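Coordinates from start.tsv are shown below (TSV, C-alpha atoms).
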```
chain	number	residue	atom	x	y	z
A	1	MET	CA	0.00	0.00	0.00
A	2	THR	CA	1.45	3.36	-0.96
A	3	THR	CA	1.25	6.35	1.34
A	4	SER	CA	-1.12	8.06	-1.06
A	5	GLU	CA	-3.79	5.36	-0.85
A	6	PRO	CA	-5.22	6.42	2.56
A	7	GLY	CA	-5.32	9.99	1.33
A	8	ASN	CA	-7.08	9.00	-1.90
A	9	ARG	CA	-9.56	6.94	0.08
A	10	ALA	CA	-10.31	9.95	2.31
A	11	ILE	CA	-10.75	12.18	-0.76
A	12	TRP	CA	-13.21	9.76	-2.36
A	13	LYS	CA	-15.05	9.38	0.93
A	14	GLY	CA	-15.32	13.16	1.21
A	15	ARG	CA	-16.58	13.45	-2.36
A	16	ALA	CA	-19.15	10.73	-1.80
A	17	TRP	CA	-20.40	12.50	1.32
A	18	ASP	CA	-20.56	15.84	-0.52
A	19	PHE	CA	-22.57	14.20	-3.30
A	20	MET	CA	-24.99	12.67	-0.81
A	21	GLU	CA	-25.39	16.06	0.86
A	22	GLN	CA	-26.12	17.87	-2.41
A	23	ALA	CA	-28.05	15.29	-4.43
A	24	GLY	CA	-28.60	12.26	-2.20
A	25	MET	CA	-32.35	12.79	-1.82
A	26	LEU	CA	-32.77	13.28	-5.57
A	27	VAL	CA	-31.18	9.85	-6.00
A	28	VAL	CA	-33.53	8.45	-3.35
A	29	LEU	CA	-36.48	10.04	-5.20
A	30	ALA	CA	-35.38	8.52	-8.52
A	31	GLY	CA	-35.02	5.07	-6.91
A	32	LEU	CA	-38.41	5.41	-5.24
A	33	VAL	CA	-40.13	6.35	-8.50
A	34	ILE	CA	-38.53	3.40	-10.34
A	35	TYR	CA	-39.53	0.99	-7.56
A	36	CYS	CA	-43.14	2.24	-7.50
A	37	ALA	CA	-43.37	2.16	-11.29
A	38	LEU	CA	-42.37	-1.50	-11.27
A	39	SER	CA	-44.32	-2.66	-8.25
A	40	VAL	CA	-47.44	-0.47	-7.96
A	41	GLU	CA	-50.21	-0.96	-10.52
A	42	HIS	CA	-51.24	2.16	-12.45
A	43	PHE	CA	-48.43	4.23	-10.88
A	44	ALA	CA	-46.60	4.73	-14.18
A	45	SER	CA	-49.48	6.30	-16.05
A	46	TRP	CA	-50.08	9.80	-17.36
A	47	GLN	CA	-53.26	10.09	-15.31
A	48	ASN	CA	-51.46	9.18	-12.09
A	49	LEU	CA	-48.63	11.61	-12.86
A	50	GLY	CA	-51.20	14.38	-13.04
A	51	SER	CA	-52.68	13.21	-9.74
A	52	VAL	CA	-49.28	13.25	-8.01
A	53	LEU	CA	-48.44	16.72	-9.31
A	54	LEU	CA	-51.80	18.12	-8.20
A	55	ALA	CA	-51.56	16.41	-4.80
A	56	VAL	CA	-48.15	17.91	-4.02
A	57	SER	CA	-48.84	21.36	-5.47
A	58	THR	CA	-50.19	22.90	-2.25
A	59	VAL	CA	-47.37	21.56	-0.06
A	60	GLY	CA	-44.88	22.46	-2.79
A	61	MET	CA	-45.93	26.11	-2.93
A	62	VAL	CA	-45.76	26.66	0.82
A	63	SER	CA	-42.51	24.68	1.10
A	64	CYS	CA	-40.81	27.20	-1.19
A	65	THR	CA	-41.11	29.98	1.39
A	66	MET	CA	-40.72	27.62	4.34
A	67	LEU	CA	-37.30	26.97	2.82
A	68	PHE	CA	-36.43	30.61	3.46
A	69	CYS	CA	-37.78	30.42	7.03
A	70	LEU	CA	-35.72	27.33	7.83
A	71	ALA	CA	-32.63	28.62	6.02
A	72	SER	CA	-32.77	31.78	8.14
A	73	GLY	CA	-32.99	29.75	11.34
A	74	SER	CA	-36.76	30.11	11.88
A	75	PHE	CA	-39.94	28.25	11.00
A	76	ASP	CA	-43.65	29.03	10.76
A	77	LEU	CA	-46.31	26.87	12.41
A	78	SER	CA	-49.17	29.19	11.46
A	79	VAL	CA	-49.35	28.03	7.82
A	80	GLY	CA	-51.67	25.16	8.73
A	81	THR	CA	-54.42	27.54	9.90
A	82	LEU	CA	-53.62	30.39	7.50
A	83	LEU	CA	-54.08	28.09	4.47
A	84	PRO	CA	-57.86	27.59	4.93
A	85	CYS	CA	-58.44	30.98	6.55
A	86	ALA	CA	-57.14	32.87	3.51
A	87	GLY	CA	-59.63	30.94	1.39
A	88	ILE	CA	-62.41	31.74	3.85
A	89	VAL	CA	-61.61	35.45	3.75
A	90	ALA	CA	-61.56	35.41	-0.05
A	91	GLY	CA	-64.83	33.45	-0.25
A	92	LEU	CA	-66.69	35.67	2.23
A	93	VAL	CA	-65.59	38.87	0.49
A	94	MET	CA	-66.68	37.51	-2.90
A	95	GLY	CA	-70.01	36.47	-1.36
A	96	LYS	CA	-70.61	39.97	0.03
A	97	LEU	CA	-69.95	41.51	-3.38
A	98	ASP	CA	-72.27	39.25	-5.39
A	99	THR	CA	-73.85	42.27	-7.12
A	100	TRP	CA	-70.51	43.29	-8.62
A	101	GLY	CA	-69.20	42.06	-11.94
A	102	TRP	CA	-67.27	38.79	-11.85
A	103	PHE	CA	-63.83	40.36	-12.36
A	104	PRO	CA	-63.93	43.09	-9.67
A	105	ARG	CA	-65.62	40.60	-7.31
A	106	LEU	CA	-62.86	38.02	-7.81
A	107	ALA	CA	-60.14	40.67	-7.65
A	108	ALA	CA	-61.50	42.00	-4.36
A	109	GLY	CA	-61.86	38.53	-2.85
A	110	ILE	CA	-58.45	37.30	-3.92
A	111	GLY	CA	-56.88	40.61	-2.88
A	112	ALA	CA	-58.48	40.32	0.56
A	113	GLY	CA	-57.16	36.77	0.98
A	114	LEU	CA	-53.66	37.75	-0.07
A	115	GLY	CA	-53.74	40.86	2.12
A	116	PHE	CA	-54.78	38.77	5.10
A	117	GLY	CA	-51.91	36.36	4.45
A	118	ALA	CA	-49.45	39.24	4.16
A	119	LEU	CA	-50.73	40.73	7.43
A	120	VAL	CA	-50.34	37.48	9.36
A	121	GLY	CA	-46.87	36.96	7.90
A	122	PHE	CA	-45.84	40.52	8.73
A	123	ILE	CA	-47.03	40.14	12.32
A	124	ASN	CA	-45.02	36.93	12.66
A	125	GLY	CA	-41.91	38.57	11.21
A	126	PHE	CA	-42.24	41.75	13.26
A	127	VAL	CA	-42.70	39.89	16.56
A	128	VAL	CA	-39.80	37.52	15.82
A	129	ALA	CA	-37.42	40.19	14.50
A	130	LYS	CA	-38.24	43.27	16.56
A	131	CYS	CA	-39.63	41.79	19.77
A	132	LYS	CA	-37.07	38.95	19.79
A	133	ILE	CA	-39.72	36.33	20.57
A	134	ASN	CA	-38.92	32.72	19.68
A	135	PRO	CA	-40.49	31.69	16.33
A	136	LEU	CA	-42.03	28.61	17.97
A	137	ILE	CA	-43.97	30.69	20.50
A	138	THR	CA	-44.82	33.43	18.00
A	139	THR	CA	-46.18	31.23	15.24
A	140	LEU	CA	-47.89	28.90	17.71
A	141	ALA	CA	-49.77	31.93	19.03
A	142	THR	CA	-50.71	33.23	15.58
A	143	MET	CA	-51.73	29.71	14.58
A	144	GLN	CA	-54.35	29.74	17.33
A	145	LEU	CA	-55.37	33.34	16.60
A	146	VAL	CA	-55.90	32.63	12.91
A	147	ARG	CA	-57.82	29.42	13.65
A	148	GLY	CA	-60.12	31.29	16.01
A	149	PHE	CA	-60.57	34.15	13.55
A	150	GLY	CA	-61.47	31.73	10.75
A	151	LEU	CA	-64.03	29.93	12.93
A	152	VAL	CA	-65.62	33.22	14.00
A	153	ILE	CA	-66.02	34.77	10.56
A	154	SER	CA	-67.26	31.49	9.03
A	155	ASN	CA	-69.55	30.63	11.97
A	156	SER	CA	-67.67	27.31	12.20
A	157	THR	CA	-69.20	26.16	8.91
A	158	SER	CA	-67.80	25.59	5.45
A	159	VAL	CA	-67.67	28.38	2.89
A	160	THR	CA	-68.55	27.40	-0.67
A	161	ALA	CA	-67.74	28.87	-4.07
A	162	PHE	CA	-69.65	28.12	-7.26
A	163	ASP	CA	-68.52	30.99	-9.49
A	164	PRO	CA	-67.01	29.28	-12.56
A	165	HIS	CA	-64.66	32.22	-13.08
A	166	PHE	CA	-63.16	31.51	-9.65
A	167	THR	CA	-63.17	27.72	-9.69
A	168	VAL	CA	-61.21	27.72	-12.96
A	169	LEU	CA	-58.22	28.79	-10.83
A	170	GLY	CA	-58.29	25.39	-9.18
A	171	LEU	CA	-59.76	23.19	-11.89
A	172	GLY	CA	-58.58	24.81	-15.11
A	173	ALA	CA	-56.02	22.71	-16.99
A	174	PHE	CA	-53.65	23.13	-19.91
A	175	PRO	CA	-52.85	20.19	-22.23
A	176	VAL	CA	-49.22	19.07	-22.18
A	177	VAL	CA	-48.98	15.69	-23.94
A	178	HIS	CA	-51.16	14.48	-26.81
A	179	ALA	CA	-51.46	10.94	-28.16
A	180	ALA	CA	-50.62	10.07	-31.76
A	181	ASP	CA	-54.32	10.04	-32.64
A	182	GLY	CA	-54.77	13.54	-31.24
A	183	GLY	CA	-56.25	12.46	-27.92
A	184	LEU	CA	-55.14	14.07	-24.68
A	185	LEU	CA	-52.71	12.05	-22.56
A	186	PHE	CA	-51.56	14.52	-19.93
A	187	GLN	CA	-52.58	17.96	-18.71
A	188	MET	CA	-51.52	20.16	-15.80
A	189	THR	CA	-53.92	22.24	-13.75
A	190	VAL	CA	-53.39	25.84	-12.68
A	191	PRO	CA	-52.16	24.96	-9.14
A	192	VAL	CA	-49.45	22.74	-10.65
A	193	TRP	CA	-48.25	25.54	-12.94
A	194	VAL	CA	-48.21	27.95	-9.99
A	195	CYS	CA	-46.23	25.43	-7.92
A	196	LEU	CA	-43.66	24.98	-10.69
A	197	GLY	CA	-43.42	28.76	-10.99
A	198	CYS	CA	-42.75	28.99	-7.24
A	199	PHE	CA	-40.01	26.36	-7.50
A	200	LEU	CA	-38.32	28.38	-10.25
A	201	PHE	CA	-38.78	31.87	-8.79
A	202	PHE	CA	-37.82	31.13	-5.20
A	203	GLY	CA	-34.98	28.84	-6.29
A	204	LEU	CA	-33.45	31.69	-8.28
A	205	LEU	CA	-34.17	34.13	-5.45
A	206	LEU	CA	-32.27	32.00	-2.95
A	207	GLN	CA	-29.26	31.10	-5.08
A	208	TRP	CA	-28.72	34.15	-7.28
A	209	THR	CA	-29.71	37.25	-5.32
A	210	THR	CA	-28.33	39.26	-2.43
A	211	PHE	CA	-31.50	38.58	-0.48
A	212	GLY	CA	-30.92	34.84	-0.81
A	213	ARG	CA	-27.33	35.14	0.38
A	214	ASP	CA	-28.49	37.32	3.28
A	215	THR	CA	-31.05	34.66	4.22
A	216	LEU	CA	-28.39	31.95	4.43
A	217	ALA	CA	-26.05	34.29	6.29
A	218	VAL	CA	-28.69	35.04	8.93
A	219	GLY	CA	-29.35	31.33	9.40
A	220	GLY	CA	-25.66	30.47	9.53
A	221	ASN	CA	-24.67	33.05	12.15
A	222	GLU	CA	-27.08	35.87	12.89
A	223	GLU	CA	-24.65	37.99	14.89
A	224	ALA	CA	-21.90	37.67	12.30
A	225	ALA	CA	-24.40	38.60	9.58
A	226	ARG	CA	-25.44	41.67	11.54
A	227	LEU	CA	-21.82	42.75	11.98
A	228	ALA	CA	-21.27	42.24	8.24
A	229	GLY	CA	-24.02	44.74	7.49
A	230	VAL	CA	-26.88	42.37	6.71
A	231	PRO	CA	-30.25	43.96	7.68
A	232	VAL	CA	-31.23	40.96	9.78
A	233	ASP	CA	-34.56	42.27	11.06
A	234	ARG	CA	-35.70	43.36	7.60
A	235	VAL	CA	-34.73	40.00	6.11
A	236	LYS	CA	-36.77	38.14	8.73
A	237	ILE	CA	-39.83	40.35	8.26
A	238	ILE	CA	-39.70	39.94	4.47
A	239	ILE	CA	-39.34	36.16	4.77
A	240	PHE	CA	-42.34	35.77	7.07
A	241	THR	CA	-44.41	38.15	4.93
A	242	MET	CA	-43.53	36.10	1.84
A	243	GLN	CA	-44.53	32.99	3.74
A	244	GLY	CA	-47.92	34.50	4.54
A	245	VAL	CA	-48.58	35.63	0.96
A	246	VAL	CA	-47.59	32.30	-0.64
A	247	THR	CA	-49.62	30.35	1.92
A	248	ALA	CA	-52.61	32.55	1.09
A	249	ILE	CA	-52.10	31.88	-2.64
A	250	ALA	CA	-52.02	28.15	-1.97
A	251	GLY	CA	-55.11	28.39	0.24
A	252	ILE	CA	-57.10	30.34	-2.35
A	253	LEU	CA	-56.17	27.89	-5.11
A	254	LEU	CA	-57.10	24.96	-2.87
A	255	PHE	CA	-60.44	26.62	-2.13
A	256	ALA	CA	-61.05	27.12	-5.86
A	257	ARG	CA	-60.18	23.48	-6.52
A	258	ASN	CA	-62.40	22.00	-3.82
A	259	GLN	CA	-65.11	24.68	-4.21
A	260	ALA	CA	-65.45	24.64	-0.42
A	261	VAL	CA	-63.25	25.37	2.59
A	262	GLN	CA	-63.53	24.84	6.33
A	263	GLN	CA	-61.19	26.24	8.96
A	264	ASN	CA	-60.22	22.85	10.45
A	265	SER	CA	-59.61	21.21	7.08
A	266	SER	CA	-55.80	21.45	7.06
A	267	GLN	CA	-54.74	20.19	10.47
A	268	GLY	CA	-51.13	19.00	10.45
A	269	PHE	CA	-50.38	20.80	7.17
A	270	GLU	CA	-47.52	22.75	8.76
A	271	LEU	CA	-45.79	19.50	9.75
A	272	GLN	CA	-46.09	18.17	6.19
A	273	VAL	CA	-44.40	21.29	4.86
A	274	ILE	CA	-41.58	21.28	7.40
A	275	ALA	CA	-41.07	17.52	6.97
A	276	ALA	CA	-40.83	17.90	3.19
A	277	CYS	CA	-38.13	20.58	3.54
A	278	VAL	CA	-36.11	18.73	6.17
A	279	LEU	CA	-36.44	15.39	4.37
A	280	GLY	CA	-34.96	17.01	1.28
A	281	GLY	CA	-31.97	18.26	3.24
A	282	VAL	CA	-32.86	21.76	4.50
A	283	SER	CA	-31.26	22.17	7.92
A	284	LEU	CA	-33.44	22.84	10.96
A	285	THR	CA	-30.62	24.93	12.44
A	286	GLY	CA	-30.45	27.31	9.48
A	287	GLY	CA	-27.79	28.33	7.00
A	288	ILE	CA	-28.31	25.39	4.61
A	289	GLY	CA	-30.92	25.11	1.90
A	290	ARG	CA	-31.48	24.66	-1.82
A	291	MET	CA	-34.63	24.48	-3.89
A	292	SER	CA	-33.54	21.05	-5.14
A	293	PHE	CA	-33.73	19.88	-1.51
A	294	VAL	CA	-37.32	21.07	-1.25
A	295	ILE	CA	-38.36	19.54	-4.58
A	296	ALA	CA	-36.88	16.18	-3.56
A	297	GLY	CA	-38.59	16.22	-0.17
A	298	VAL	CA	-41.96	17.31	-1.54
A	299	PHE	CA	-42.02	14.63	-4.22
A	300	ILE	CA	-40.72	11.85	-1.96
A	301	MET	CA	-43.61	12.44	0.40
A	302	GLY	CA	-46.04	12.81	-2.51
A	303	VAL	CA	-44.91	9.60	-4.21
A	304	VAL	CA	-45.12	7.64	-0.94
A	305	GLU	CA	-48.65	8.96	-0.25
A	306	ASN	CA	-49.74	8.19	-3.81
A	307	ALA	CA	-48.30	4.67	-3.76
A	308	MET	CA	-50.05	3.92	-0.46
A	309	ALA	CA	-53.33	5.21	-1.90
A	310	LEU	CA	-52.98	3.01	-5.00
A	311	LYS	CA	-52.21	0.06	-2.72
A	312	HIS	CA	-55.32	0.90	-0.66
A	313	VAL	CA	-53.31	1.17	2.55
A	314	GLU	CA	-55.45	2.06	5.55
A	315	ASP	CA	-55.25	5.60	6.91
A	316	SER	CA	-53.89	4.40	10.25
A	317	TYR	CA	-50.84	2.89	8.54
A	318	ARG	CA	-50.38	6.04	6.45
A	319	TYR	CA	-49.98	8.04	9.66
A	320	VAL	CA	-47.33	5.58	10.81
A	321	VAL	CA	-45.43	5.93	7.53
A	322	SER	CA	-45.72	9.74	7.55
A	323	GLY	CA	-44.45	9.88	11.12
A	324	GLY	CA	-41.58	7.58	10.23
A	325	ILE	CA	-40.62	9.81	7.31
A	326	LEU	CA	-40.60	12.88	9.55
A	327	LEU	CA	-38.46	11.10	12.16
A	328	ALA	CA	-36.05	9.91	9.46
A	329	ALA	CA	-35.77	13.47	8.15
A	330	VAL	CA	-34.88	14.84	11.59
A	331	LEU	CA	-32.35	12.06	12.22
A	332	PHE	CA	-30.77	12.67	8.81
A	333	ASP	CA	-30.48	16.39	9.61
A	334	ARG	CA	-28.78	15.57	12.92
A	335	LEU	CA	-26.38	13.18	11.19
A	336	LYS	CA	-25.36	15.89	8.74
A	337	GLN	CA	-24.75	18.35	11.58
A	338	ARG	CA	-22.44	15.91	13.36
A	339	ALA	CA	-20.55	15.09	10.17
A	340	SER	CA	-20.00	18.74	9.24
```

Hey, can you dump this file as structure tokens for me?
Amino acid sequence: MTTSEPGNRAIWKGRAWDFMEQAGMLVVLAGLVIYCALSVEHFASWQNLGSVLLAVSTVGMVSCTMLFCLASGSFDLSVGTLLPCAGIVAGLVMGKLDTWGWFPRLAAGIGAGLGFGALVGFINGFVVAKCKINPLITTLATMQLVRGFGLVISNSTSVTAFDPHFTVLGLGAFPVVHAADGGLLFQMTVPVWVCLGCFLFFGLLLQWTTFGRDTLAVGGNEEAARLAGVPVDRVKIIIFTMQGVVTAIAGILLFARNQAVQQNSSQGFELQVIAACVLGGVSLTGGIGRMSFVIAGVFIMGVVENAMALKHVEDSYRYVVSGGILLAAVLFDRLKQRAS
């Protein structure tokens, strides 16, 4: 054995670990898709692909901004109650303006939902950044406040929407793949297009802008970032406000898709979003995050859920699997911290 062999072995080991850090979950996703395609009936079909994309679109949208929260060393538990509440606000405003034309009515309703999301996000960011309150306590409090507000304004009942101009936001689809005979094989609905747009926009924002670098700097070492001139408080407020707006967009699109919304309809949604980010490789301690991590985590969870549905797995076992995935994500994050 030459003296260079141990060094070469260490170099290759380091490269392998770097690869697993950067793209390991994408490899896991690819392996999972291949396994499901071979073992789960109807999984590898155009119709099921559309179902998977639509199923993950809501989690995918909100995960894009949760990436920024986690990368900056924070997180937001209020998204699970804000998601339906934004839809409720939009639906009630549109219902009050039923004498208006369809466009101003929809614009007012959607604007109200987005404004409510921005307000909740701003409050979260302001309290965390300016009042120095822990994000767990802050967003746990706003989670309860938003839930209560949604129940009050909706009288604890579901809000419905039957305006076809509004429901097209959730049900409208664009053809993507046609068969040789001209028939339609695959189409993507509006929420899927919006989700893909969020992946692209927020991925570029994180990796190629000063704001993205500031986000990672705040999560890596907040005090060092402050001394380096990063406007830490402003970055946090913007991140939480973005989180509120994107969650409201997802909630309004979900409302349009289901044509009904109830305040307690998205319990546990915040854990799905955080689990998807962490499973993909976003660090819970901040300073580490890529959009590819989020995409991998979102689709791993989506593929697992879809495969269990096609296999007709009981709901009780699905909870066990989902909990196991979340635990595995946290353990993987801890392993990376110890290795770094």

- Message: Let me make sure I understand: among A:Leu169, A:Val230, A:Val246, A:Ala224, which one has the smallest atom-to-atom distance to Gly197 (chain A) if we use only C-alpha atoms?
- Response: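 Ranked by minimum distance to Gly197 (chain A), first place goes to A:Val246.
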
- Considering only C-alpha atoms, return as a PyMOL selection string whatever protein or nucleic-acid residues lie within 12 Å of region 299-302 of chain A, sequence-local ones (same chain, fewer than 4 positions apart) excluded. chain A and resi 25-33+36+48-60+63+271-280+292-295+306-309+318+321-326+329

- Using all atoms listed in the file: which of A:Met188, A:Val282, A:Val298, A:Leu140 has the shortest distance to Val330 (chain A):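 Of the candidates, the smallest distance to Val330 (chain A) is held by A:Val282.
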
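Taking CA of Thr285 (chain A) as the reference point, CA of Val235 (chain A) is found at 16.9 Å.
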
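The space separating CA of Ala256 (chain A) from CA of Phe202 (chain A) comes to 23.6 Å.
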
- Coordinates-based distance that separates CA of Gly87 (chain A) from CA of Gly113 (chain A) (Å, one decimal):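 Distance between the two atoms: 6.3 Å.
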
- Query: With all atoms listed in the file as the basis for distance, which of A:Gln47, A:Phe186, A:Phe199, A:Val168 is at the shortest distance from Ala296 (chain A)?
  - Reply: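 Once distances to Ala296 (chain A) are computed over all atoms listed in the file, the minimum belongs to A:Phe199.
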
- Task: Extract, using only C-alpha atoms, all DNA, RNA and protein residues at most 9 Å from Gly219 (chain A), discarding same-chain residues fewer than 4 positions from it, and format them as a PyMOL selection string.
- Result: chain A and resi 69-74+214-215+225+285-288

- Message: Nearest residue to Arg257 (chain A) out of A:Tyr35, A:Phe166, A:Phe116, A:Phe149, using all atoms listed in the file?
- Response: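 Looking at the shortest contact to Arg257 (chain A), the residue is A:Phe166.
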
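Across A:Val303, A:Cys198, A:Leu310, A:Val127, the tightest approach to Met242 (chain A) is made by A:Cys198 when counting all atoms listed in the file.
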
- Do you know which residues are at most 7 Å from Val159 (chain A) counting all atoms listed in the file, after dropping those on the same chain fewer than 3 positions away, and could you put them as a ChimeraX atom specification? /A:88,91,154,260-262

- Note on the structure: Across A:Leu253, A:Cys85, A:Met66, A:Ala37, the smallest distance to Gly148 (chain A), with all atoms listed in the file counted, is shown by A:Cys85
